[in-house]
Structures are given as structure tokens and as C-alpha cells.
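Student: You'll find input-v6.cif just under this line, and it carries mmCIF, C-alpha atoms and all ligand atoms.
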data_target
loop_
_atom_site.label_atom_id
_atom_site.label_comp_id
_atom_site.auth_asym_id
_atom_site.auth_seq_id
_atom_site.Cartn_x
_atom_site.Cartn_y
_atom_site.Cartn_z
CA MET D 150 122.14 69.54 143.75
CA GLY D 151 119.12 69.19 141.39
CA ALA D 152 115.72 67.80 142.36
CA SER D 153 115.59 64.01 142.69
CA GLN D 154 113.11 61.80 140.87
CA LYS D 155 111.33 61.39 144.22
CA ASP D 156 111.03 65.19 144.68
CA PHE D 157 109.66 65.40 141.16
CA GLU D 158 107.05 62.67 141.70
CA SER D 159 106.01 64.26 144.94
CA ALA D 160 105.59 67.63 143.17
CA VAL D 161 103.45 65.94 140.51
CA ASN D 162 101.15 64.65 143.26
CA GLN D 163 101.07 68.02 145.05
CA VAL D 164 99.76 69.73 141.92
CA LYS D 165 96.59 67.65 142.19
CA LEU D 166 96.05 68.91 145.75
CA LEU D 167 96.40 72.66 145.08
CA LYS D 168 93.51 74.55 146.71
CA LYS D 169 93.49 77.28 144.09
CA ASP D 170 93.33 76.88 140.30
CA PRO D 171 96.71 78.27 139.18
CA GLY D 172 95.30 79.56 135.86
CA ASN D 173 95.96 78.60 132.27
CA GLU D 174 99.38 80.21 131.89
CA VAL D 175 100.81 78.35 134.90
CA LYS D 176 99.11 75.11 133.87
CA LEU D 177 100.78 75.38 130.47
CA LYS D 178 104.17 75.94 132.14
CA LEU D 179 103.61 72.90 134.36
CA TYR D 180 102.60 70.80 131.38
CA ALA D 181 105.63 71.87 129.35
CA LEU D 182 108.09 71.28 132.18
CA TYR D 183 106.54 67.88 132.95
CA LYS D 184 106.85 66.78 129.33
CA GLN D 185 110.41 68.09 129.09
CA ALA D 186 111.39 66.40 132.36
CA THR D 187 109.90 63.05 131.37
CA GLU D 188 110.32 62.94 127.56
CA GLY D 189 112.93 65.56 126.71
CA PRO D 190 112.54 68.12 123.87
CA CYS D 191 109.18 68.34 122.09
CA ASN D 192 108.97 65.40 119.68
CA THR D 193 105.36 65.36 118.44
CA PRO D 194 103.84 66.98 115.32
CA LYS D 195 102.34 70.46 115.75
CA PRO D 196 98.52 70.25 116.23
CA GLY D 197 96.28 72.01 113.68
CA LEU D 198 95.36 75.69 114.02
CA PHE D 199 91.88 75.00 115.39
CA ASP D 200 93.02 72.49 117.96
CA LEU D 201 93.66 75.47 120.23
CA ILE D 202 94.20 73.73 123.54
CA ASN D 203 96.62 71.09 122.23
CA LYS D 204 98.36 73.73 120.16
CA ALA D 205 98.88 75.94 123.23
CA LYS D 206 100.32 72.91 125.07
CA TRP D 207 102.56 72.02 122.15
CA ASP D 208 103.79 75.64 121.84
CA ALA D 209 104.62 75.73 125.56
CA TRP D 210 106.56 72.45 125.39
CA ASN D 211 108.30 73.36 122.13
CA ALA D 212 109.35 76.73 123.60
CA LEU D 213 111.56 74.88 126.09
CA GLY D 214 113.86 73.87 123.22
CA ASP D 215 116.79 71.75 124.40
CA LEU D 216 116.38 72.44 128.12
CA PRO D 217 117.97 69.43 129.88
CA LYS D 218 115.59 66.99 131.58
CA GLU D 219 117.22 67.59 134.98
CA THR D 220 116.73 71.38 134.73
CA ALA D 221 113.10 70.91 133.68
CA ARG D 222 112.58 68.59 136.67
CA GLN D 223 114.09 71.16 139.03
CA ASN D 224 112.06 74.02 137.49
CA TYR D 225 108.89 71.95 137.87
CA VAL D 226 109.61 71.25 141.54
CA ASP D 227 110.39 74.99 142.15
CA LEU D 228 107.22 76.10 140.38
CA VAL D 229 105.02 73.71 142.40
CA SER D 230 106.66 74.78 145.63
CA GLY D 231 105.90 78.47 144.80
CA LEU D 232 102.30 77.57 143.95
CA ARG D 233 101.84 75.69 147.20
CA SER D 234 102.94 78.63 149.32
CA SER D 235 100.81 81.15 147.42
CA SER D 236 97.85 78.77 147.46
CA ASP D 237 98.15 78.30 151.22
CA SER D 238 98.47 82.03 151.93
CA SER D 239 95.60 83.11 149.69
CA SER D 240 92.95 80.50 150.22
CA GLN D 241 90.45 83.28 150.96
CA VAL D 242 88.89 83.87 147.53
CA LYS D 243 88.39 87.50 146.60
CA PRO D 244 84.73 88.34 145.82
CA GLU D 245 85.68 89.55 142.32
CA ALA D 246 87.17 86.14 141.47
CA ASP D 247 83.84 84.46 142.25
CA LYS D 248 82.14 86.24 139.39
CA LYS D 249 84.56 85.11 136.72
CA GLN D 250 83.91 82.02 134.63
CA ALA D 251 86.39 79.39 135.79
CA GLY D 252 89.72 79.23 134.05
CA TYR D 253 90.01 82.85 132.91
CA GLU D 254 92.15 85.36 134.78
CA THR D 255 92.27 88.31 132.40
CA LEU D 256 88.70 88.11 131.12
CA VAL D 257 85.23 88.04 132.63
CA ILE D 258 82.97 85.88 130.51
CA THR D 259 79.24 85.73 130.96
CA SER D 260 76.43 84.15 128.97
CA GLU D 261 72.95 85.59 129.18
CA ASP D 262 70.05 86.12 126.76
CA HIS D 263 71.92 84.11 124.08
CA ILE D 264 74.79 86.58 124.23
CA THR D 265 78.31 85.58 125.23
CA LYS D 266 80.06 88.64 126.62
CA ILE D 267 83.86 88.65 126.73
CA MET D 268 85.02 91.51 128.96
CA LEU D 269 88.70 92.48 128.94
CA ASN D 270 89.48 92.71 132.63
CA ARG D 271 92.77 94.39 133.47
CA PRO D 272 91.33 97.84 134.22
CA ALA D 273 94.38 98.98 136.23
CA LYS D 274 96.45 98.49 133.05
CA LYS D 275 93.78 99.99 130.79
CA ASN D 276 93.02 96.45 129.58
CA ALA D 277 96.38 96.12 127.83
CA LEU D 278 96.67 92.70 126.18
CA ASN D 279 99.38 90.60 127.80
CA THR D 280 100.34 87.15 126.51
CA GLN D 281 97.91 85.46 128.85
CA MET D 282 95.05 87.67 127.65
CA TYR D 283 95.79 86.88 123.99
CA GLN D 284 95.69 83.17 124.82
CA GLU D 285 92.55 83.43 126.91
CA ILE D 286 90.77 85.41 124.18
CA MET D 287 91.58 82.66 121.67
CA LEU D 288 90.18 80.03 124.05
CA ALA D 289 87.12 82.17 124.77
CA LEU D 290 86.42 82.64 121.06
CA GLU D 291 86.74 78.93 120.44
CA ALA D 292 84.29 78.22 123.27
CA ALA D 293 81.88 80.95 122.09
CA SER D 294 81.92 79.57 118.55
CA LYS D 295 80.53 76.31 119.95
CA ASP D 296 78.20 77.49 122.72
CA ASP D 297 74.49 78.14 122.28
CA SER D 298 74.79 81.91 122.07
CA THR D 299 73.71 83.70 118.92
CA ILE D 300 76.10 86.65 119.14
CA THR D 301 79.43 87.32 120.85
CA VAL D 302 80.32 90.67 122.35
CA PHE D 303 83.67 92.18 123.35
CA THR D 304 83.89 95.06 125.80
CA GLY D 305 86.33 96.50 128.36
CA SER D 306 86.06 96.92 132.13
CA GLY D 307 86.84 100.30 133.65
CA ASP D 308 87.42 103.50 131.71
CA TYR D 309 89.24 102.01 128.70
CA TYR D 310 88.16 99.56 126.03
CA SER D 311 91.83 98.56 125.65
CA SER D 312 95.25 100.20 125.42
CA GLY D 313 96.39 97.56 122.92
CA ASN D 314 99.42 95.34 123.16
CA ASP D 315 100.91 95.30 126.66
CA LEU D 316 104.30 96.87 126.06
CA THR D 317 105.79 94.90 128.94
CA ASN D 318 105.29 91.80 126.73
CA PHE D 319 108.59 92.87 125.17
CA THR D 320 110.51 92.48 128.43
CA ASP D 321 110.05 88.76 129.02
CA ILE D 322 112.95 87.44 126.88
CA PRO D 323 113.12 83.61 126.52
CA PRO D 324 116.39 81.60 126.55
CA GLY D 325 116.56 81.87 122.72
CA GLY D 326 116.90 85.66 122.98
CA VAL D 327 115.10 88.52 121.23
CA GLU D 328 114.88 86.67 117.89
CA GLU D 329 112.94 83.88 119.56
CA LYS D 330 110.80 86.47 121.36
CA ALA D 331 109.94 88.15 118.04
CA LYS D 332 109.22 84.80 116.40
CA ASN D 333 106.90 83.71 119.23
CA GLY D 334 105.19 87.12 119.13
CA ALA D 335 104.53 86.81 115.40
CA ILE D 336 103.08 83.30 115.86
CA LEU D 337 100.86 84.52 118.70
CA LEU D 338 99.71 87.55 116.69
CA ARG D 339 98.93 85.45 113.63
CA ASP D 340 96.98 82.84 115.59
CA PHE D 341 95.12 85.55 117.50
CA VAL D 342 93.97 87.44 114.41
CA ASP D 343 93.13 84.17 112.59
CA CYS D 344 90.58 83.46 115.34
CA PHE D 345 88.78 86.73 114.52
CA ILE D 346 88.90 86.07 110.76
CA ASP D 347 87.34 82.64 111.24
CA PHE D 348 84.83 83.44 113.98
CA PRO D 349 81.52 82.08 112.65
CA LYS D 350 78.89 84.10 114.58
CA PRO D 351 78.12 87.83 114.55
CA LEU D 352 80.88 89.54 116.53
CA VAL D 353 80.11 92.84 118.25
CA ALA D 354 82.46 95.37 119.87
CA VAL D 355 80.97 97.52 122.63
CA VAL D 356 83.69 100.16 122.77
CA ASN D 357 83.15 101.70 126.20
CA GLY D 358 86.21 104.01 126.15
CA PRO D 359 89.49 104.73 124.37
CA ALA D 360 90.91 101.98 122.17
CA VAL D 361 94.54 101.75 121.08
CA GLY D 362 96.61 99.59 118.71
CA ILE D 363 95.49 96.03 118.08
CA SER D 364 92.19 96.60 119.89
CA VAL D 365 91.38 99.10 117.09
CA THR D 366 92.76 97.23 114.10
CA VAL D 367 90.78 94.02 114.66
CA LEU D 368 87.57 96.08 114.67
CA GLY D 369 87.71 95.78 110.88
CA LEU D 370 86.92 92.08 111.40
CA PHE D 371 83.88 92.71 113.65
CA ASP D 372 80.30 92.77 112.39
CA LEU D 373 79.02 95.63 114.58
CA VAL D 374 81.01 98.31 116.42
CA TYR D 375 79.05 100.37 118.96
CA ALA D 376 80.98 103.20 120.59
CA SER D 377 80.43 105.49 123.54
CA ASP D 378 81.01 109.14 122.62
CA ARG D 379 83.92 108.94 125.12
CA ALA D 380 85.72 106.38 122.95
CA THR D 381 88.71 107.28 120.79
CA PHE D 382 90.51 105.18 118.20
CA HIS D 383 94.28 105.39 118.04
CA THR D 384 96.87 103.35 116.11
CA PRO D 385 100.24 104.95 116.95
CA PHE D 386 102.27 102.37 115.02
CA SER D 387 104.90 104.69 113.52
CA HIS D 388 105.43 106.32 116.95
CA LEU D 389 106.28 102.83 118.21
CA GLY D 390 108.48 101.87 115.23
CA GLN D 391 105.81 99.32 114.30
CA THR D 392 103.50 98.58 111.39
CA PRO D 393 99.79 97.75 111.07
CA GLU D 394 98.34 94.39 112.09
CA GLY D 395 94.90 92.82 112.55
CA CYS D 396 94.48 92.93 108.72
CA SER D 397 94.05 96.70 109.01
CA SER D 398 96.47 97.29 106.11
CA TYR D 399 93.66 95.81 104.00
CA THR D 400 90.42 96.41 105.94
CA PHE D 401 91.00 100.09 106.84
CA PRO D 402 91.58 101.38 103.27
CA LYS D 403 88.57 99.29 102.23
CA ILE D 404 86.36 100.66 105.01
CA MET D 405 87.40 104.34 105.05
CA GLY D 406 89.32 104.92 101.83
CA LEU D 407 93.06 105.14 101.40
CA ALA D 408 93.54 108.75 102.51
CA LYS D 409 91.85 108.34 105.89
CA ALA D 410 93.45 104.93 106.49
CA VAL D 411 96.89 106.43 105.88
CA GLU D 412 96.19 109.22 108.40
CA MET D 413 95.46 106.61 111.04
CA LEU D 414 97.88 103.81 110.22
CA ILE D 415 100.96 105.78 109.13
CA PHE D 416 100.55 109.12 110.88
CA GLY D 417 98.81 107.85 114.00
CA LYS D 418 95.88 110.29 113.88
CA LYS D 419 93.61 109.63 116.85
CA LEU D 420 89.91 109.60 115.88
CA THR D 421 86.99 110.61 118.05
CA ALA D 422 84.02 108.25 118.08
CA GLY D 423 82.17 110.65 115.78
CA GLU D 424 85.06 110.66 113.28
CA ALA D 425 85.34 106.88 113.40
CA TYR D 426 81.61 106.68 112.67
CA ALA D 427 81.92 109.12 109.76
CA GLN D 428 84.69 106.94 108.34
CA GLY D 429 82.72 103.71 108.62
CA LEU D 430 84.81 102.01 111.32
CA VAL D 431 82.03 102.46 113.90
CA THR D 432 78.42 101.39 113.29
CA GLU D 433 76.81 103.80 115.76
CA VAL D 434 77.81 106.23 118.53
CA PHE D 435 75.81 106.60 121.77
CA PRO D 436 76.03 109.21 124.54
CA ASP D 437 78.16 107.83 127.34
CA SER D 438 75.41 108.46 129.91
CA THR D 439 73.01 106.04 128.18
CA PHE D 440 75.58 103.88 126.35
CA GLU D 441 75.22 100.63 128.30
CA LYS D 442 71.44 100.77 128.47
CA GLU D 443 70.88 101.56 124.81
CA VAL D 444 73.46 99.13 123.48
CA TRP D 445 72.36 96.16 125.57
CA THR D 446 68.69 96.74 124.79
CA ARG D 447 69.59 96.67 121.12
CA LEU D 448 71.80 93.59 121.43
CA LYS D 449 69.24 91.65 123.45
CA ALA D 450 66.72 92.21 120.65
CA TYR D 451 69.24 91.12 117.99
CA SER D 452 70.16 88.02 119.97
CA LYS D 453 66.61 86.68 119.54
CA LEU D 454 67.02 86.51 115.76
CA PRO D 455 67.40 82.97 114.33
CA ARG D 456 70.92 81.74 115.05
CA ASN D 457 71.48 79.80 111.81
CA ALA D 458 70.23 82.56 109.53
CA MET D 459 72.66 85.01 111.14
CA ARG D 460 75.57 82.58 110.97
CA ILE D 461 74.93 81.70 107.32
CA SER D 462 74.51 85.37 106.37
CA LYS D 463 77.85 86.12 107.99
CA GLN D 464 79.40 83.28 106.01
CA ILE D 465 78.04 84.63 102.72
CA ILE D 466 79.20 88.16 103.51
CA ARG D 467 82.67 87.25 104.77
CA ASN D 468 83.75 83.91 103.30
CA HIS D 469 84.97 85.10 99.92
CA GLU D 470 87.55 87.30 101.68
CA LYS D 471 88.79 84.76 104.21
CA GLU D 472 91.74 83.39 102.28
CA LYS D 473 92.91 86.87 101.44
CA LEU D 474 92.62 87.97 105.07
CA HIS D 475 94.65 84.97 106.26
CA ALA D 476 97.37 85.81 103.75
CA ILE D 477 97.39 89.47 104.82
CA ASN D 478 97.53 88.46 108.47
CA ALA D 479 100.53 86.20 107.78
CA GLU D 480 102.32 88.98 105.92
CA GLU D 481 101.62 91.66 108.57
CA SER D 482 102.78 89.29 111.33
CA SER D 483 106.03 88.46 109.57
CA ILE D 484 106.77 92.13 108.89
CA LEU D 485 106.16 92.91 112.56
CA GLN D 486 108.51 90.09 113.58
CA GLU D 487 111.29 92.10 111.87
CA ARG D 488 110.06 95.46 113.18
CA TRP D 489 110.14 94.29 116.81
CA LEU D 490 113.90 93.78 116.41
CA SER D 491 114.48 97.26 114.96
CA ASP D 492 116.15 100.10 116.88
CA GLU D 493 113.09 102.26 116.20
CA CYS D 494 110.78 99.83 117.98
CA VAL D 495 113.16 98.90 120.79
CA ASN D 496 113.79 102.61 121.58
CA ALA D 497 110.07 103.47 121.56
CA VAL D 498 109.21 100.60 123.90
CA MET D 499 112.13 101.42 126.21
CA ASN D 500 110.92 105.01 126.26
CA PHE D 501 107.44 103.92 127.36
CA LEU D 502 108.77 101.54 129.97
CA SER D 503 111.28 103.98 131.43
CA GLN D 504 109.19 107.14 131.42
CA LYS D 505 105.63 105.79 131.11
CA ALA D 506 105.49 108.02 128.03
CA LYS D 507 102.03 109.19 127.02
CA LEU D 508 101.33 109.06 123.28
C1 LIG D 601 101.87 89.72 120.28
C2 LIG D 601 100.95 90.59 119.48
C3 LIG D 601 101.44 91.99 119.31
C4 LIG D 601 100.46 92.85 118.58
C5 LIG D 601 100.89 94.25 118.45
C6 LIG D 601 100.04 95.26 118.62
C7 LIG D 601 100.46 96.69 118.48
C8 LIG D 601 99.75 97.60 119.41
O1 LIG D 601 98.77 97.31 120.05
S1 LIG D 601 100.46 99.13 119.50
C9 LIG D 601 99.67 99.93 120.87
C10 LIG D 601 100.41 99.70 122.15
N1 LIG D 601 99.83 100.52 123.17
C11 LIG D 601 100.31 101.72 123.54
O2 LIG D 601 101.26 102.20 122.97
C12 LIG D 601 99.63 102.41 124.68
C13 LIG D 601 100.60 102.69 125.79
N2 LIG D 601 99.93 103.33 126.90
C14 LIG D 601 99.74 104.67 126.97
O3 LIG D 601 100.13 105.42 126.13
C15 LIG D 601 98.99 105.17 128.18
O4 LIG D 601 99.14 104.24 129.22
C16 LIG D 601 97.48 105.39 127.90
C17 LIG D 601 97.32 106.57 126.95
C18 LIG D 601 96.85 104.14 127.30
C19 LIG D 601 96.74 105.70 129.22
O5 LIG D 601 97.34 106.82 129.85
P1 LIG D 601 96.86 107.26 131.31
O6 LIG D 601 97.73 108.39 131.73
O7 LIG D 601 95.39 107.47 131.33
O8 LIG D 601 97.12 105.98 132.23
P2 LIG D 601 98.53 105.34 132.62
O9 LIG D 601 98.88 105.80 133.99
O10 LIG D 601 99.52 105.54 131.56
O11 LIG D 601 98.14 103.77 132.64
C20 LIG D 601 97.73 103.08 133.82
C21 LIG D 601 98.63 101.87 133.98
O12 LIG D 601 98.45 101.03 132.84
C22 LIG D 601 99.71 100.78 132.20
N3 LIG D 601 99.49 100.64 130.76
C23 LIG D 601 98.57 101.25 130.02
N4 LIG D 601 98.67 100.85 128.75
C24 LIG D 601 99.66 99.94 128.70
C25 LIG D 601 100.22 99.16 127.65
N5 LIG D 601 99.75 99.21 126.40
N6 LIG D 601 101.23 98.34 127.96
C26 LIG D 601 101.70 98.24 129.21
N7 LIG D 601 101.21 98.95 130.26
C27 LIG D 601 100.20 99.79 129.99
C28 LIG D 601 100.54 102.01 132.54
O13 LIG D 601 101.90 101.74 132.40
C29 LIG D 601 100.12 102.25 133.98
O14 LIG D 601 100.77 101.25 134.74
P3 LIG D 601 101.32 101.59 136.21
O15 LIG D 601 100.10 101.95 137.02
O16 LIG D 601 101.99 100.34 136.66
O17 LIG D 601 102.26 102.75 136.05
#
Would you mind writing the structure in this file as C-alpha cells?
Tutor:
Amino acid sequence: MGASQKDFESAVNQVKLLKKDPGNEVKLKLYALYKQATEGPCNTPKPGLFDLINKAKWDAWNALGDLPKETARQNYVDLVSGLRSSSDSSSQVKPEADKKQAGYETLVITSEDHITKIMLNRPAKKNALNTQMYQEIMLALEAASKDDSTITVFTGSGDYYSSGNDLTNFTDIPPGGVEEKAKNGAILLRDFVDCFIDFPKPLVAVVNGPAVGISVTVLGLFDLVYASDRATFHTPFSHLGQTPEGCSSYTFPKIMGLAKAVEMLIFGKKLTAGEAYAQGLVTEVFPDSTFEKEVWTRLKAYSKLPRNAMRISKQIIRNHEKEKLHAINAEESSILQERWLSDECVNAVMNFLSQKAKL
């Protein structure tokens, strides 16, 4: 028998009493199930691109499609019951969690010296970007665009900058099947890259180690890229049956010339930091032993420059390309939507997942 209205109302009240913040992904699930259980399928207009929080809520609700109200009610009650038991058994907060800015689970965000630092924080998975991390990065960029920092910095925790898209993202198939999965992935990718195209302040990548896939391609949208001499830059798209994203089909040929861009984007040539510097993708390379010290000294000095002058200069330099970049991003995302359904891509991902294949 399904959950009664009373069970549902009691679960709604229990959510308010949870000892531990369940995180954004779970909160979105709760929101979507609540709306579905009380109002049925999503019936409101899609919020605008920059209304990130309401858009994330709308996407979550809309993703439930025609799920019956009774099932949504039951799923809500089950989810809350799971949260209650995990909240009760883990009320001792881990020291690491204390350091993180509230609300983020996959990132550590700090603000100091007028610099907002967004650190990718899944070191055990080489900072692979799962769905939650994509969403949190979009929220973090929106917040950084409005805070009082002058520059925003991305870096990775542990030995990697990032191993790119988390290939296990492909395993979580929604009720609408693989087509819906690919469609949602393309929407997420497009929204994610749009945030980088539109980011108004100087954006800096502190590439502390190897970078793979989408963590490399979006570098073409950054304003400074500092790399440790341990970093490498790898876009193994053909190996994965995939195609370029992050506007790299446009920015890479423009930055490094067609021949070198083809070597990376079609043939998957992995570049050392020195090669990436020679080809204009990296601004400067530092010895790993002094990387952090040198880079942060430099950035702290830059962060004292007048905020508005830097923002307006970025606008002048970048604005005339914005429309083109949005169009390229839309095209790359829609091509990838098809690619993700291809045998080539499915086989490559299965290969990674089954054998933990090294590229
Ligand atoms: C929705 C938007 C979609 C946008 C699309 C973007 C396209 C891309 O980004 S393509 C690039 C995708 N990335 C990869 O193909 C990299 C795959 N990973 C690897 O080849 C290797 O893991 C590595 C070379 C990065 C590191 O090798 P190493 O031997 O040093 O460490 P591992 O033992 O392999 O890794 C530790 C741990 O982390 C997991 N992991 C690492 N990278 C990923 C990843 N990209 N996706 C999922 N999981 C990853 C790895 O499986 C290990 O996990 P376990 O400890 O559980 O075995």
C-alpha cells in the first residue's frame, strides 16, 4: 500500500528537523517530489537561463514527467526516511566538512584577499565532474559573479586538476531511457558552458595537475591559465566516441592554430604543460615545487587592481564573441547528445567502467 496523506505530511515536517543539511542534489529531489505529489506534472514556464536556482528546481520537477502523484508521495516519504536514518547515524560532523562553505558537497569555496577560490573536491575520483559538481559549479559561478571578489579562481584538490566528465554519469538512466539521459546531459552541458561564456570577472585556472576532457576545453574561456609543470592537457574525445565541447571546436583552432587543435581534439594528443604554453593554451608554467607560492603571490597582487576596470576590460575583450560562443556551445551540445547514443561512445564508456581502462 502507498504512503497516506498523513505519512506524507509527517515527512514534510520531518525534513525541517533534519540535523544534517542533505545537500543541493537531495534538496532538489525533495522539491521535485513534493511538487509532483501535490500539483502533479510540472506546469509552470521554464525560468530564464540566469535564474539558476529556480531553473534547477524546474528541471528537477520537469524531469519527473508523468510520475503519478501517489508514487511521488511514496518516493518522498521513502527519501525522507532514508535521510533521517543517515542523519541520526552521522551526526558527528567530519572535520573536513567544517571547512567547506555551506551548501556545497563537491567543491570547497573560500573567499580571501578579494579572490573567490573554487576548488574541485573529489580527489579520490581525480576530481571527475559528476552531475552534482556541474550544478554546484554553476551556482558557485553565479554567486562569485555577484560577490565582492575581483577575480575568481578554479583549482583542483589532490594530485589532479580534473579527470573531466565523470563517466559514471552515463549509468544513471532516468525513466525516459537513454534518449532522455542524453537530452538532459546536453542541457546540462550547454547551461554549464554558458556560465563560463558569460562570467563577468577575470577567471583564472590554477592547473595543479593533469587535466582531462571538459576541464581542458573550457580553459579556452578563461582569462589566465597557470599550470604546474606536472600538469598535462588531454582531450581523448575520439577514444571515447565523443566530440569536442566547451567551445573548443572554435577556441582551440583560434588559440593554437588548426593543425595543433586537430592533434588534440581529433587525435587526442596529450600535451605537457610546456607544450600547452607553447601553443598558447597556458599563460605561464611554474615548477611544481614552488607552484602554489608563486601563483598565489601573483594572484593576490592582481586582486588588488580596481575591480570595475578589470570587469569592463574583460567585457571589451570578450563581448563581441559572446553570441558566437553561445551558438557554438549549442551546436557542440546537440552533436554530443547524438554521440552519447552511438555504439562508439557506449562501448568506450562500458570499457572504462568494466575494466577501469587507462587512456
Ligand atoms: C554532462 C556534460 C558532459 C560533458 C562531456 C565531457 C567530455 C569529457 O570530459 S571526456 C573525458 C572523460 N574522462 C576520462 O575519460 C578520464 C577517465 N579516467 C582515466 O582515464 C583515469 O582514471 C585517469 C587517467 C584520469 C587516472 O588514472 P589513475 O590510474 O591515476 O587513477 P584511477 O585509479 O584510474 O582513478 C582513481 C579513481 O577515480 C575514478 N575516476 C577517475 N577519473 C574518472 C572519470 N572521469 N569518471 C569516473 N571515474 C573516474 C577511477 O575510476 C578510480 O575510481 P575507483 O577508485 O573507484 O576505482
Student: Can you check which parts of chain D lie within 7 Å of ligand LIG 601 (chain D)? Per residue, the shortest pair of atoms and distance in Å to one decimal, counting all atoms listed in the file, sorted by chain and number, as JSON lines.
Tutor:
{"residue": "D:Ala273", "atom": "CA", "partner": "D:LIG601", "partner_atom": "C21", "distance": 5.6}
{"residue": "D:Lys274", "atom": "CA", "partner": "D:LIG601", "partner_atom": "O12", "distance": 3.2}
{"residue": "D:Lys275", "atom": "CA", "partner": "D:LIG601", "partner_atom": "C23", "distance": 5.0}
{"residue": "D:Ala277", "atom": "CA", "partner": "D:LIG601", "partner_atom": "N5", "distance": 4.8}
{"residue": "D:Thr280", "atom": "CA", "partner": "D:LIG601", "partner_atom": "C1", "distance": 6.9}
{"residue": "D:Ser312", "atom": "CA", "partner": "D:LIG601", "partner_atom": "C18", "distance": 4.6}
{"residue": "D:Gly313", "atom": "CA", "partner": "D:LIG601", "partner_atom": "O1", "distance": 3.7}
{"residue": "D:Asn314", "atom": "CA", "partner": "D:LIG601", "partner_atom": "O1", "distance": 3.7}
{"residue": "D:Asp315", "atom": "CA", "partner": "D:LIG601", "partner_atom": "N6", "distance": 3.3}
{"residue": "D:Leu316", "atom": "CA", "partner": "D:LIG601", "partner_atom": "N6", "distance": 3.9}
{"residue": "D:Thr317", "atom": "CA", "partner": "D:LIG601", "partner_atom": "C26", "distance": 5.3}
{"residue": "D:Gly334", "atom": "CA", "partner": "D:LIG601", "partner_atom": "C1", "distance": 4.4}
{"residue": "D:Ala335", "atom": "CA", "partner": "D:LIG601", "partner_atom": "C1", "distance": 6.3}
{"residue": "D:Leu337", "atom": "CA", "partner": "D:LIG601", "partner_atom": "C1", "distance": 5.5}
{"residue": "D:Leu338", "atom": "CA", "partner": "D:LIG601", "partner_atom": "C2", "distance": 4.3}
{"residue": "D:Val361", "atom": "CA", "partner": "D:LIG601", "partner_atom": "C9", "distance": 5.4}
{"residue": "D:Gly362", "atom": "CA", "partner": "D:LIG601", "partner_atom": "O1", "distance": 3.4}
{"residue": "D:Ile363", "atom": "CA", "partner": "D:LIG601", "partner_atom": "O1", "distance": 4.0}
{"residue": "D:Ser364", "atom": "CA", "partner": "D:LIG601", "partner_atom": "O1", "distance": 6.6}
{"residue": "D:Thr384", "atom": "CA", "partner": "D:LIG601", "partner_atom": "S1", "distance": 6.5}
{"residue": "D:Pro385", "atom": "CA", "partner": "D:LIG601", "partner_atom": "S1", "distance": 6.4}
{"residue": "D:Phe386", "atom": "CA", "partner": "D:LIG601", "partner_atom": "S1", "distance": 5.8}
{"residue": "D:Leu389", "atom": "CA", "partner": "D:LIG601", "partner_atom": "O2", "distance": 6.9}
{"residue": "D:Glu394", "atom": "CA", "partner": "D:LIG601", "partner_atom": "C6", "distance": 6.8}
{"residue": "D:Lys505", "atom": "CA", "partner": "D:LIG601", "partner_atom": "O13", "distance": 5.7}
{"residue": "D:Ala506", "atom": "CA", "partner": "D:LIG601", "partner_atom": "O3", "distance": 6.3}
{"residue": "D:Lys507", "atom": "CA", "partner": "D:LIG601", "partner_atom": "O3", "distance": 4.3}
{"residue": "D:Leu508", "atom": "CA", "partner": "D:LIG601", "partner_atom": "O3", "distance": 4.8}
Student: Residues at most 10 Å from Lys218 in chain D, counting all atoms listed in the file, excluding those fewer than 5 positions away in the same chain, as a list in words?
Tutor: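 Everything that qualifies: Leu182, Tyr183, Lys184, Gln185, Ala186, Thr187, Glu188, Gly189, Pro190, Gln223 and Asn224 of chain D.
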Student: Near Ser491 in chain D, within 9 Å and counting all atoms listed in the file, which residues show up once chain neighbours fewer than 5 positions away are dropped, as a ChimeraX atom specification?
Tutor: /D:390-391,496
Student: Please measure the separation of CA of Gly305 in chain D and CA of Leu269 in chain D, giving the value in Å to one decimal.
Tutor: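 Spanning CA of Gly305 in chain D to CA of Leu269 in chain D is a straight-line distance of 4.7 Å.
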Student: Applying 9 Å and only C-alpha atoms, which residues near range 159-163 of chain D remain after dropping the ones on its own chain fewer than 4 positions away? List them as a list in words.
Tutor: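 Counting only C-alpha atoms, the residues come to Gln154, Lys155, Leu167, Tyr183, Tyr225, Val226, Asp227, Val229, Ser230 and Arg233 of chain D.
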Student: Please provide as an MDAnalysis selection string all residues within 12 Å of Ile258 in chain D, with the sequence filter that same-chain residues fewer than 6 positions apart are discarded (counting only C-alpha atoms).
Tutor: chainID D and resid 246:252 264:270 285:286 288:290 292:293 301:306
Student: Tell me, as number ranges by chain, which residues lie within 8 Å of Ile404 in chain D, counting all atoms listed in the file; anything in the same chain fewer than 2 positions away does not count.
Tutor: D: 369, 400-402, 406, 428-430
Student: Between CA of Glu412 in chain D and CA of Asn468 in chain D, what is the distance in Å, rounded to a tenth?
Tutor: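 Distance between the two atoms: 28.7 Å.
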Student: Between CA of Asn211 in chain D and CA of Met282 in chain D, what distance in Å does the model show, to one decimal?
Tutor: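 Between CA of Asn211 in chain D and CA of Met282 in chain D the gap is 20.3 Å.
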Student: Would you list the residues near (96.7, 84.4, 117.1), meaning any protein, DNA or RNA residue with an atom at most 10 Å from that point in file coordinates, counting all atoms listed in the file, as a ChimeraX atom specification?
Tutor: /D:198,201,283-284,286-287,334-345,395,478,482
Student: Return the single residue from D:Pro455, D:Glu254, D:Leu177, D:Val434 that is closest to Asn203 in chain D, with distances computed using only C-alpha atoms.
Tutor: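 Counting only C-alpha atoms, the residue closest to Asn203 in chain D is D:Leu177.
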Student: Counting all atoms listed in the file, figure out which residue out of D:Phe440, D:Phe319, D:Tyr310, D:Phe371 gets nearest to Phe348 in chain D.
Tutor: D:Phe371
Student: Taking all atoms listed in the file into account, name the residue in D:Val431, D:Ala410, D:Ala458, D:Val367 that is nearest to Lys350 in chain D.
Tutor: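 Smallest separation from Lys350 in chain D among the options: D:Ala458.
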Student: Have a look at D:Ile322, D:Asp437, D:Thr220, D:Thr432 and name the one nearest to Arg379 in chain D; count only C-alpha atoms.
Tutor: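 Checking each candidate against Arg379 in chain D, we get D:Asp437 as the closest.
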Student: Between D:Leu407, D:Val257, D:Ala212, D:Met459, which is the closest to Asn276 in chain D once you count only C-alpha atoms?
Tutor: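 Between D:Leu407, D:Val257, D:Ala212, D:Met459, the residue approaching Asn276 in chain D most closely is D:Val257.
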